[in-house]
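Q: My file is data35.pdb. It has PDB, C-alpha atoms, pLDDT in the B column:
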MODEL        1
ATOM      1  CA  MET B   1     -28.879 128.198 -28.865  1.00 87.00           C
ATOM      2  CA  PRO B   2     -31.394 125.439 -28.127  1.00 93.00           C
ATOM      3  CA  SER B   3     -33.223 124.066 -31.150  1.00 96.00           C
ATOM      4  CA  ALA B   4     -36.976 124.431 -31.568  1.00 97.00           C
ATOM      5  CA  ALA B   5     -37.367 120.707 -30.869  1.00 98.00           C
ATOM      6  CA  GLU B   6     -35.334 120.962 -27.676  1.00 97.00           C
ATOM      7  CA  ARG B   7     -37.265 123.992 -26.501  1.00 97.00           C
ATOM      8  CA  THR B   8     -40.571 122.209 -27.103  1.00 97.00           C
ATOM      9  CA  ARG B   9     -39.343 119.040 -25.417  1.00 97.00           C
ATOM     10  CA  THR B  10     -38.263 121.164 -22.456  1.00 97.00           C
ATOM     11  CA  LEU B  11     -41.709 122.753 -22.208  1.00 97.00           C
ATOM     12  CA  VAL B  12     -43.422 119.352 -22.291  1.00 97.00           C
ATOM     13  CA  GLN B  13     -41.253 118.058 -19.457  1.00 94.00           C
ATOM     14  CA  SER B  14     -41.413 121.246 -17.395  1.00 94.00           C
ATOM     15  CA  THR B  15     -44.005 122.373 -14.861  1.00 92.00           C
ATOM     16  CA  CYS B  16     -45.592 124.849 -17.305  1.00 94.00           C
ATOM     17  CA  SER B  17     -49.361 124.805 -17.478  1.00 95.00           C
ATOM     18  CA  ALA B  18     -50.801 122.554 -20.170  1.00 97.00           C
ATOM     19  CA  LEU B  19     -54.260 121.948 -21.562  1.00 96.00           C
ATOM     20  CA  LEU B  20     -55.443 119.082 -23.732  1.00 96.00           C
ATOM     21  CA  VAL B  21     -57.934 120.089 -26.390  1.00 93.00           C
ATOM     22  CA  VAL B  22     -60.034 117.347 -27.980  1.00 91.00           C
ATOM     23  CA  PRO B  23     -62.066 118.748 -30.891  1.00 85.00           C
ATOM     24  CA  GLY B  24     -65.731 117.812 -30.672  1.00 78.00           C
ATOM     25  CA  LEU B  25     -65.606 116.993 -26.953  1.00 78.00           C
ATOM     26  CA  ASP B  26     -68.316 118.900 -25.084  1.00 65.00           C
ATOM     27  CA  LEU B  27     -66.616 120.519 -22.110  1.00 60.00           C
ATOM     28  CA  ALA B  28     -69.322 123.048 -21.344  1.00 54.00           C
ATOM     29  CA  ARG B  29     -70.044 121.368 -18.027  1.00 57.00           C
ATOM     30  CA  ALA B  30     -66.660 119.777 -17.411  1.00 61.00           C
ATOM     31  CA  GLU B  31     -63.354 120.858 -15.938  1.00 73.00           C
ATOM     32  CA  PRO B  32     -60.520 121.823 -18.310  1.00 82.00           C
ATOM     33  CA  LEU B  33     -58.493 118.837 -19.470  1.00 92.00           C
ATOM     34  CA  ILE B  34     -55.304 119.480 -17.502  1.00 94.00           C
ATOM     35  CA  PRO B  35     -53.020 116.424 -17.308  1.00 96.00           C
ATOM     36  CA  ASP B  36     -51.638 115.504 -13.894  1.00 95.00           C
ATOM     37  CA  SER B  37     -48.303 114.510 -15.394  1.00 95.00           C
ATOM     38  CA  ARG B  38     -46.516 114.636 -18.740  1.00 96.00           C
ATOM     39  CA  SER B  39     -43.671 112.590 -20.151  1.00 95.00           C
ATOM     40  CA  VAL B  40     -42.189 111.681 -23.523  1.00 96.00           C
ATOM     41  CA  GLY B  41     -41.641 108.116 -24.724  1.00 96.00           C
ATOM     42  CA  PRO B  42     -38.667 106.826 -26.730  1.00 95.00           C
ATOM     43  CA  GLU B  43     -40.552 107.244 -30.016  1.00 95.00           C
ATOM     44  CA  GLY B  44     -41.481 110.848 -29.271  1.00 96.00           C
ATOM     45  CA  ASP B  45     -45.058 110.195 -28.190  1.00 97.00           C
ATOM     46  CA  VAL B  46     -46.347 112.302 -25.295  1.00 97.00           C
ATOM     47  CA  PHE B  47     -47.868 110.456 -22.318  1.00 97.00           C
ATOM     48  CA  LEU B  48     -50.502 112.284 -20.279  1.00 97.00           C
ATOM     49  CA  GLU B  49     -51.951 111.105 -16.973  1.00 96.00           C
ATOM     50  CA  PHE B  50     -55.584 111.818 -16.097  1.00 95.00           C
ATOM     51  CA  ALA B  51     -58.159 110.633 -13.592  1.00 93.00           C
ATOM     52  CA  ALA B  52     -59.852 107.496 -14.904  1.00 92.00           C
ATOM     53  CA  ASP B  53     -63.217 109.291 -15.083  1.00 91.00           C
ATOM     54  CA  SER B  54     -61.858 112.257 -17.054  1.00 91.00           C
ATOM     55  CA  PRO B  55     -63.737 113.153 -20.247  1.00 90.00           C
ATOM     56  CA  ALA B  56     -60.431 112.772 -22.088  1.00 91.00           C
ATOM     57  CA  VAL B  57     -60.083 109.184 -20.900  1.00 92.00           C
ATOM     58  CA  ARG B  58     -63.664 108.367 -21.802  1.00 90.00           C
ATOM     59  CA  ALA B  59     -63.230 109.857 -25.259  1.00 90.00           C
ATOM     60  CA  ALA B  60     -59.988 107.968 -25.896  1.00 91.00           C
ATOM     61  CA  THR B  61     -61.446 104.700 -24.613  1.00 88.00           C
ATOM     62  CA  HIS B  62     -64.629 104.937 -26.647  1.00 84.00           C
ATOM     63  CA  ALA B  63     -62.758 105.910 -29.804  1.00 78.00           C
ATOM     64  CA  GLN B  64     -61.035 102.499 -29.892  1.00 65.00           C
ATOM     65  CA  GLY B  65     -60.022 101.940 -33.522  1.00 66.00           C
ATOM     66  CA  ASP B  66     -61.194 105.358 -34.676  1.00 69.00           C
ATOM     67  CA  GLU B  67     -58.674 108.159 -34.868  1.00 85.00           C
ATOM     68  CA  LEU B  68     -59.221 110.699 -32.093  1.00 92.00           C
ATOM     69  CA  THR B  69     -57.293 113.888 -32.746  1.00 94.00           C
ATOM     70  CA  ALA B  70     -56.138 116.145 -29.914  1.00 95.00           C
ATOM     71  CA  VAL B  71     -53.864 119.105 -29.271  1.00 96.00           C
ATOM     72  CA  LEU B  72     -51.700 119.681 -26.212  1.00 97.00           C
ATOM     73  CA  GLU B  73     -51.356 123.423 -25.582  1.00 97.00           C
ATOM     74  CA  ILE B  74     -48.531 124.525 -23.291  1.00 98.00           C
ATOM     75  CA  THR B  75     -48.125 128.037 -21.920  1.00 98.00           C
ATOM     76  CA  ASP B  76     -44.797 129.088 -20.417  1.00 97.00           C
ATOM     77  CA  VAL B  77     -45.024 131.905 -17.862  1.00 97.00           C
ATOM     78  CA  ALA B  78     -41.931 133.442 -16.279  1.00 96.00           C
ATOM     79  CA  PRO B  79     -41.635 132.407 -12.604  1.00 96.00           C
ATOM     80  CA  VAL B  80     -40.565 135.937 -11.622  1.00 94.00           C
ATOM     81  CA  SER B  81     -42.427 139.229 -11.561  1.00 90.00           C
ATOM     82  CA  VAL B  82     -41.618 140.926 -14.847  1.00 89.00           C
ATOM     83  CA  PRO B  83     -43.441 142.771 -17.625  1.00 87.00           C
ATOM     84  CA  HIS B  84     -44.771 140.500 -20.375  1.00 90.00           C
ATOM     85  CA  ARG B  85     -44.564 137.319 -18.309  1.00 94.00           C
ATOM     86  CA  ILE B  86     -45.642 134.865 -21.012  1.00 96.00           C
ATOM     87  CA  ARG B  87     -42.371 133.529 -22.399  1.00 97.00           C
ATOM     88  CA  GLY B  88     -43.826 131.230 -24.996  1.00 97.00           C
ATOM     89  CA  ARG B  89     -46.419 128.744 -26.147  1.00 98.00           C
ATOM     90  CA  ALA B  90     -46.234 125.364 -27.838  1.00 98.00           C
ATOM     91  CA  TRP B  91     -48.833 123.220 -29.543  1.00 98.00           C
ATOM     92  CA  ILE B  92     -48.452 119.484 -30.128  1.00 98.00           C
ATOM     93  CA  SER B  93     -51.149 117.796 -32.184  1.00 97.00           C
ATOM     94  CA  GLY B  94     -51.661 114.127 -32.886  1.00 96.00           C
ATOM     95  CA  TRP B  95     -53.830 111.117 -32.127  1.00 95.00           C
ATOM     96  CA  LEU B  96     -55.030 110.179 -28.674  1.00 95.00           C
ATOM     97  CA  THR B  97     -55.294 106.615 -27.339  1.00 93.00           C
ATOM     98  CA  SER B  98     -55.550 105.079 -23.875  1.00 91.00           C
ATOM     99  CA  VAL B  99     -52.724 102.971 -22.445  1.00 90.00           C
ATOM    100  CA  PRO B 100     -54.182 100.598 -19.815  1.00 83.00           C
ATOM    101  CA  GLY B 101     -52.132  99.207 -16.990  1.00 80.00           C
ATOM    102  CA  ILE B 102     -49.305 101.694 -16.532  1.00 80.00           C
ATOM    103  CA  ALA B 103     -50.939 104.247 -14.214  1.00 79.00           C
ATOM    104  CA  GLU B 104     -51.939 104.133 -10.556  1.00 83.00           C
ATOM    105  CA  PRO B 105     -55.397 102.827  -9.600  1.00 90.00           C
ATOM    106  CA  GLY B 106     -58.026 105.393 -10.430  1.00 90.00           C
ATOM    107  CA  ARG B 107     -55.720 106.947 -13.016  1.00 93.00           C
ATOM    108  CA  MET B 108     -55.260 106.384 -16.735  1.00 94.00           C
ATOM    109  CA  MET B 109     -52.375 107.126 -19.061  1.00 95.00           C
ATOM    110  CA  LEU B 110     -53.167 108.533 -22.474  1.00 96.00           C
ATOM    111  CA  ARG B 111     -50.750 108.545 -25.371  1.00 96.00           C
ATOM    112  CA  LEU B 112     -50.665 111.483 -27.762  1.00 96.00           C
ATOM    113  CA  GLU B 113     -49.005 110.138 -30.884  1.00 96.00           C
ATOM    114  CA  PHE B 114     -46.915 113.007 -32.209  1.00 97.00           C
ATOM    115  CA  GLY B 115     -48.210 114.397 -35.495  1.00 96.00           C
ATOM    116  CA  GLU B 116     -46.858 117.932 -35.658  1.00 96.00           C
ATOM    117  CA  ALA B 117     -45.847 120.744 -33.343  1.00 98.00           C
ATOM    118  CA  TYR B 118     -45.260 124.470 -33.322  1.00 98.00           C
ATOM    119  CA  VAL B 119     -43.472 126.673 -30.796  1.00 98.00           C
ATOM    120  CA  ASP B 120     -43.631 130.458 -30.452  1.00 98.00           C
ATOM    121  CA  ASP B 121     -41.301 131.721 -27.734  1.00 97.00           C
ATOM    122  CA  LEU B 122     -38.509 134.151 -26.882  1.00 95.00           C
ATOM    123  CA  TRP B 123     -36.378 132.619 -29.616  1.00 95.00           C
ATOM    124  CA  GLY B 124     -38.950 132.885 -32.372  1.00 95.00           C
ATOM    125  CA  ALA B 125     -41.668 130.789 -34.029  1.00 97.00           C
ATOM    126  CA  GLU B 126     -40.901 127.442 -35.671  1.00 97.00           C
ATOM    127  CA  ASP B 127     -42.438 124.152 -36.717  1.00 97.00           C
ATOM    128  CA  ILE B 128     -41.039 120.929 -35.240  1.00 97.00           C
ATOM    129  CA  GLU B 129     -40.644 117.713 -37.181  1.00 96.00           C
ATOM    130  CA  PRO B 130     -41.535 114.415 -35.445  1.00 96.00           C
ATOM    131  CA  GLU B 131     -38.037 112.940 -35.704  1.00 97.00           C
ATOM    132  CA  ASP B 132     -36.460 116.136 -34.328  1.00 97.00           C
ATOM    133  CA  PHE B 133     -38.795 116.076 -31.334  1.00 98.00           C
ATOM    134  CA  ARG B 134     -38.118 112.365 -30.780  1.00 97.00           C
ATOM    135  CA  ASP B 135     -34.352 112.853 -30.784  1.00 97.00           C
ATOM    136  CA  ALA B 136     -34.277 116.063 -28.714  1.00 97.00           C
ATOM    137  CA  ALA B 137     -33.535 116.151 -24.998  1.00 96.00           C
ATOM    138  CA  PRO B 138     -35.008 118.563 -22.455  1.00 96.00           C
ATOM    139  CA  ASP B 139     -32.700 121.193 -21.034  1.00 97.00           C
ATOM    140  CA  PRO B 140     -30.831 119.783 -17.998  1.00 97.00           C
ATOM    141  CA  LEU B 141     -31.867 122.800 -15.902  1.00 96.00           C
ATOM    142  CA  VAL B 142     -35.583 122.501 -16.640  1.00 96.00           C
ATOM    143  CA  LEU B 143     -36.591 121.187 -13.201  1.00 93.00           C
ATOM    144  CA  HIS B 144     -34.505 123.828 -11.409  1.00 95.00           C
ATOM    145  CA  GLU B 145     -35.033 126.869 -13.609  1.00 97.00           C
ATOM    146  CA  ALA B 146     -37.925 128.444 -11.687  1.00 96.00           C
ATOM    147  CA  GLU B 147     -36.149 128.191  -8.334  1.00 96.00           C
ATOM    148  CA  LEU B 148     -32.871 129.445  -9.805  1.00 96.00           C
ATOM    149  CA  LEU B 149     -34.480 132.475 -11.454  1.00 96.00           C
ATOM    150  CA  GLN B 150     -36.346 133.354  -8.272  1.00 96.00           C
ATOM    151  CA  HIS B 151     -33.111 133.083  -6.284  1.00 95.00           C
ATOM    152  CA  LEU B 152     -31.201 135.292  -8.726  1.00 94.00           C
ATOM    153  CA  ALA B 153     -33.983 137.874  -8.694  1.00 92.00           C
ATOM    154  CA  SER B 154     -34.304 138.033  -4.905  1.00 91.00           C
ATOM    155  CA  ALA B 155     -30.756 137.431  -3.647  1.00 90.00           C
ATOM    156  CA  HIS B 156     -28.562 138.803  -6.435  1.00 89.00           C
ATOM    157  CA  ASP B 157     -30.340 141.957  -7.512  1.00 86.00           C
ATOM    158  CA  GLU B 158     -27.215 144.137  -7.442  1.00 87.00           C
ATOM    159  CA  GLN B 159     -25.169 141.587  -9.379  1.00 91.00           C
ATOM    160  CA  MET B 160     -27.937 141.324 -11.957  1.00 90.00           C
ATOM    161  CA  ARG B 161     -27.791 145.094 -12.439  1.00 87.00           C
ATOM    162  CA  THR B 162     -24.038 144.955 -13.060  1.00 87.00           C
ATOM    163  CA  LEU B 163     -24.667 142.804 -16.143  1.00 90.00           C
ATOM    164  CA  CYS B 164     -25.701 145.932 -18.021  1.00 84.00           C
ATOM    165  CA  GLY B 165     -21.996 146.773 -18.044  1.00 82.00           C
ATOM    166  CA  LEU B 166     -21.580 144.025 -20.648  1.00 87.00           C
ATOM    167  CA  LEU B 167     -24.056 145.571 -23.063  1.00 83.00           C
ATOM    168  CA  GLY B 168     -21.718 147.920 -24.865  1.00 72.00           C
ATOM    169  CA  GLU B 169     -23.640 150.733 -26.557  1.00 60.00           C
ATOM    170  CA  ARG B 170     -26.773 150.013 -24.521  1.00 56.00           C
ATOM    171  CA  THR B 171     -24.945 150.520 -21.196  1.00 54.00           C
ATOM    172  CA  ALA B 172     -25.907 154.166 -20.751  1.00 45.00           C
ATOM    173  CA  ARG B 173     -29.509 153.393 -21.517  1.00 54.00           C
ATOM    174  CA  ALA B 174     -29.562 150.467 -19.094  1.00 48.00           C
ATOM    175  CA  LEU B 175     -27.977 152.565 -16.337  1.00 45.00           C
ATOM    176  CA  ALA B 176     -30.489 155.386 -16.674  1.00 49.00           C
ATOM    177  CA  PRO B 177     -31.525 156.967 -13.358  1.00 54.00           C
ATOM    178  CA  ASN B 178     -34.474 155.436 -11.528  1.00 56.00           C
ATOM    179  CA  GLN B 179     -34.340 152.244 -13.602  1.00 55.00           C
ATOM    180  CA  PRO B 180     -36.563 149.751 -11.759  1.00 52.00           C
ATOM    181  CA  GLY B 181     -34.255 146.798 -12.298  1.00 81.00           C
ATOM    182  CA  ALA B 182     -32.771 143.889 -14.179  1.00 88.00           C
ATOM    183  CA  VAL B 183     -34.778 140.696 -13.884  1.00 92.00           C
ATOM    184  CA  PRO B 184     -33.543 137.226 -14.913  1.00 95.00           C
ATOM    185  CA  VAL B 185     -36.327 135.962 -17.148  1.00 96.00           C
ATOM    186  CA  ALA B 186     -35.032 132.699 -18.642  1.00 97.00           C
ATOM    187  CA  LEU B 187     -32.201 130.265 -18.042  1.00 97.00           C
ATOM    188  CA  ASP B 188     -30.933 127.263 -19.976  1.00 97.00           C
ATOM    189  CA  ARG B 189     -27.713 125.359 -20.396  1.00 97.00           C
ATOM    190  CA  PHE B 190     -26.441 127.865 -22.970  1.00 97.00           C
ATOM    191  CA  GLY B 191     -26.981 131.094 -21.043  1.00 96.00           C
ATOM    192  CA  LEU B 192     -29.118 133.595 -19.163  1.00 97.00           C
ATOM    193  CA  ARG B 193     -31.697 136.040 -20.520  1.00 96.00           C
ATOM    194  CA  VAL B 194     -32.249 139.244 -18.531  1.00 94.00           C
ATOM    195  CA  ARG B 195     -35.051 141.756 -18.927  1.00 92.00           C
ATOM    196  CA  PHE B 196     -33.861 145.283 -18.259  1.00 88.00           C
ATOM    197  CA  ILE B 197     -36.777 147.423 -17.145  1.00 83.00           C
ATOM    198  CA  GLU B 198     -36.228 151.065 -18.072  1.00 76.00           C
ATOM    199  CA  SER B 199     -39.599 152.419 -17.060  1.00 73.00           C
ATOM    200  CA  ARG B 200     -43.145 151.315 -16.445  1.00 70.00           C
ATOM    201  CA  ASP B 201     -43.732 150.989 -20.186  1.00 74.00           C
ATOM    202  CA  ALA B 202     -40.275 150.220 -21.577  1.00 80.00           C
ATOM    203  CA  CYS B 203     -38.008 147.232 -21.283  1.00 85.00           C
ATOM    204  CA  PHE B 204     -35.631 145.165 -23.377  1.00 88.00           C
ATOM    205  CA  ASP B 205     -34.025 141.727 -23.184  1.00 91.00           C
ATOM    206  CA  ALA B 206     -30.348 140.863 -23.321  1.00 92.00           C
ATOM    207  CA  ARG B 207     -28.892 137.387 -23.633  1.00 95.00           C
ATOM    208  CA  PHE B 208     -25.667 136.425 -21.833  1.00 95.00           C
ATOM    209  CA  GLU B 209     -24.086 133.256 -23.182  1.00 95.00           C
ATOM    210  CA  PHE B 210     -21.970 130.961 -21.031  1.00 95.00           C
ATOM    211  CA  PRO B 211     -18.452 130.094 -22.232  1.00 93.00           C
ATOM    212  CA  GLU B 212     -19.581 126.472 -22.520  1.00 95.00           C
ATOM    213  CA  PRO B 213     -22.986 124.802 -22.142  1.00 96.00           C
ATOM    214  CA  VAL B 214     -23.553 123.667 -18.561  1.00 97.00           C
ATOM    215  CA  ARG B 215     -24.677 120.167 -17.661  1.00 96.00           C
ATOM    216  CA  ASP B 216     -25.959 120.656 -14.120  1.00 96.00           C
ATOM    217  CA  VAL B 217     -26.448 123.167 -11.315  1.00 95.00           C
ATOM    218  CA  THR B 218     -22.833 122.845 -10.150  1.00 96.00           C
ATOM    219  CA  GLU B 219     -21.513 123.878 -13.555  1.00 97.00           C
ATOM    220  CA  LEU B 220     -24.152 126.616 -13.688  1.00 96.00           C
ATOM    221  CA  ARG B 221     -22.852 128.145 -10.447  1.00 95.00           C
ATOM    222  CA  ARG B 222     -19.357 128.335 -11.918  1.00 96.00           C
ATOM    223  CA  ALA B 223     -20.688 129.866 -15.138  1.00 96.00           C
ATOM    224  CA  MET B 224     -22.700 132.487 -13.236  1.00 95.00           C
ATOM    225  CA  HIS B 225     -19.675 133.331 -11.080  1.00 94.00           C
ATOM    226  CA  THR B 226     -17.614 133.867 -14.229  1.00 95.00           C
ATOM    227  CA  LEU B 227     -20.374 136.018 -15.744  1.00 94.00           C
ATOM    228  CA  PHE B 228     -20.674 138.226 -12.655  1.00 93.00           C
ATOM    229  CA  GLU B 229     -16.894 138.591 -12.455  1.00 92.00           C
ATOM    230  CA  ALA B 230     -16.767 139.741 -16.069  1.00 91.00           C
ATOM    231  CA  ALA B 231     -19.529 142.268 -15.423  1.00 88.00           C
ATOM    232  CA  ALA B 232     -17.764 143.655 -12.332  1.00 86.00           C
ATOM    233  CA  SER B 233     -14.355 144.057 -13.977  1.00 81.00           C
TER     234      SER B 233
ENDMDL
END
As structure tokens, please, write out the structure in this file.
A:
Amino acid sequence: MPSAAERTRTLVQSTCSALLVVPGLDLARAEPLIPDSRSVGPEGDVFLEFAADSPAVRAATHAQGDELTAVLEITDVAPVSVPHRIRGRAWISGWLTSVPGIAEPGRMMLRLEFGEAYVDDLWGAEDIEPEDFRDAAPDPLVLHEAELLQHLASAHDEQMRTLCGLLGERTARALAPNQPGAVPVALDRFGLRVRFIESRDACFDARFEFPEPVRDVTELRRAMHTLFEAAAS
């Protein structure tokens, strides 16, 4: 399974919605501080791009030598229609500074020096140490996951349903009459998570591991083919 640090790194470098919270900054009349881009530097610091006139940029610029604390809040929502769509949240807190000269004109890059982080997702809730976050890598499927899940949900509905045949004692329950469906809810290099919807108010998740971790979409296609073959046999 992916580590907490890897899962958090994946969220940072995904297209999930993110909000920068700067304690003490009056945002009553301002837009939410949503970075235009996010990236992670070699030391584990998070780089956030904002418009040059953003309140976050002004705060970081005026702070200069003073320590300006901030928290990056990330919310991960499943890209498919499914009950309980929020898959997880992560919080990265640290110290915010401006980094002149590396953004486009009219833009400014801010650096959030990593202090501590916490993730609460489908795997569980964990703290992340700075060195673990620094050394982690995002999942190789992160930029394709949304499209892949949407494709599986729309074009492979019947094959998704056959996966319940791999559930052992839960098979009868999963195959109950009038079951609305089986929806792929999360995908990473280690496997696929499916949400089996039994009724309007009842559902459960099942995780299907790949024989080996995949490194790209080509290997993923082979792994999914093997998984569907196993379910059909």
Q: By how many Å are atom CA of Leu72 of chain B and atom CA of Val185 of chain B apart?
A: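 Computing the Euclidean distance for atom CA of Leu72 of chain B and atom CA of Val185 of chain B yields 24.2 Å.
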Q: What lies within 8 Å of segment 6-18 of chain B using only C-alpha atoms, ignoring chain neighbours under 2 positions off, as a list in words?
A: Pro2, Ser3, Ala4, Leu20, Ile34, Pro35, Arg38, Ser39, Val40, Leu72, Glu73, Ile74, Thr75, Asp76, Val77, Ala90, Val119, Phe133, Ala136, Ala137, Pro138, Asp139, Val142 and Leu143 of chain B
Q: Since I can't run it myself right now, could you work out what the PyMOL selection byres ((chain B and resi 112) around 8) selects here and report it as a PDB file with C-alpha atoms, in the frame of the given file?
A:
ATOM      1  CA  ASP B  45     -45.058 110.195 -28.190  1.00 97.00           C
ATOM      2  CA  VAL B  46     -46.347 112.302 -25.295  1.00 97.00           C
ATOM      3  CA  PHE B  47     -47.868 110.456 -22.318  1.00 97.00           C
ATOM      4  CA  LEU B  48     -50.502 112.284 -20.279  1.00 97.00           C
ATOM      5  CA  ALA B  70     -56.138 116.145 -29.914  1.00 95.00           C
ATOM      6  CA  SER B  93     -51.149 117.796 -32.184  1.00 97.00           C
ATOM      7  CA  GLY B  94     -51.661 114.127 -32.886  1.00 96.00           C
ATOM      8  CA  TRP B  95     -53.830 111.117 -32.127  1.00 95.00           C
ATOM      9  CA  LEU B  96     -55.030 110.179 -28.674  1.00 95.00           C
ATOM     10  CA  THR B  97     -55.294 106.615 -27.339  1.00 93.00           C
ATOM     11  CA  LEU B 110     -53.167 108.533 -22.474  1.00 96.00           C
ATOM     12  CA  ARG B 111     -50.750 108.545 -25.371  1.00 96.00           C
ATOM     13  CA  GLU B 113     -49.005 110.138 -30.884  1.00 96.00           C
ATOM     14  CA  PHE B 114     -46.915 113.007 -32.209  1.00 97.00           C
TER      15      PHE B 114
END
Q: When the PyMOL selection byres ((chain B and resi 145-147) around 9) is applied to the structure above, which residues does it catch, written out as a list in words?
A: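 Applied to this file, the PyMOL selection byres ((chain B and resi 145-147) around 9) returns Ala78, Pro79, Val80, Leu141, Val142, Leu143, His144, Leu148, Leu149, Gln150, His151, Leu152, Ala186, Leu187 and Asp188 of chain B.
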Q: So for segment 135-145 of chain B, what box centre and size do we get, axis-aligned, 3 Å extra on each of the six sides, every listed atom, Å to one decimal, as JSON?
A:
{"center_x": -33.7, "center_y": 119.9, "center_z": -21.1, "size_x": 11.8, "size_y": 20.0, "size_z": 25.4}
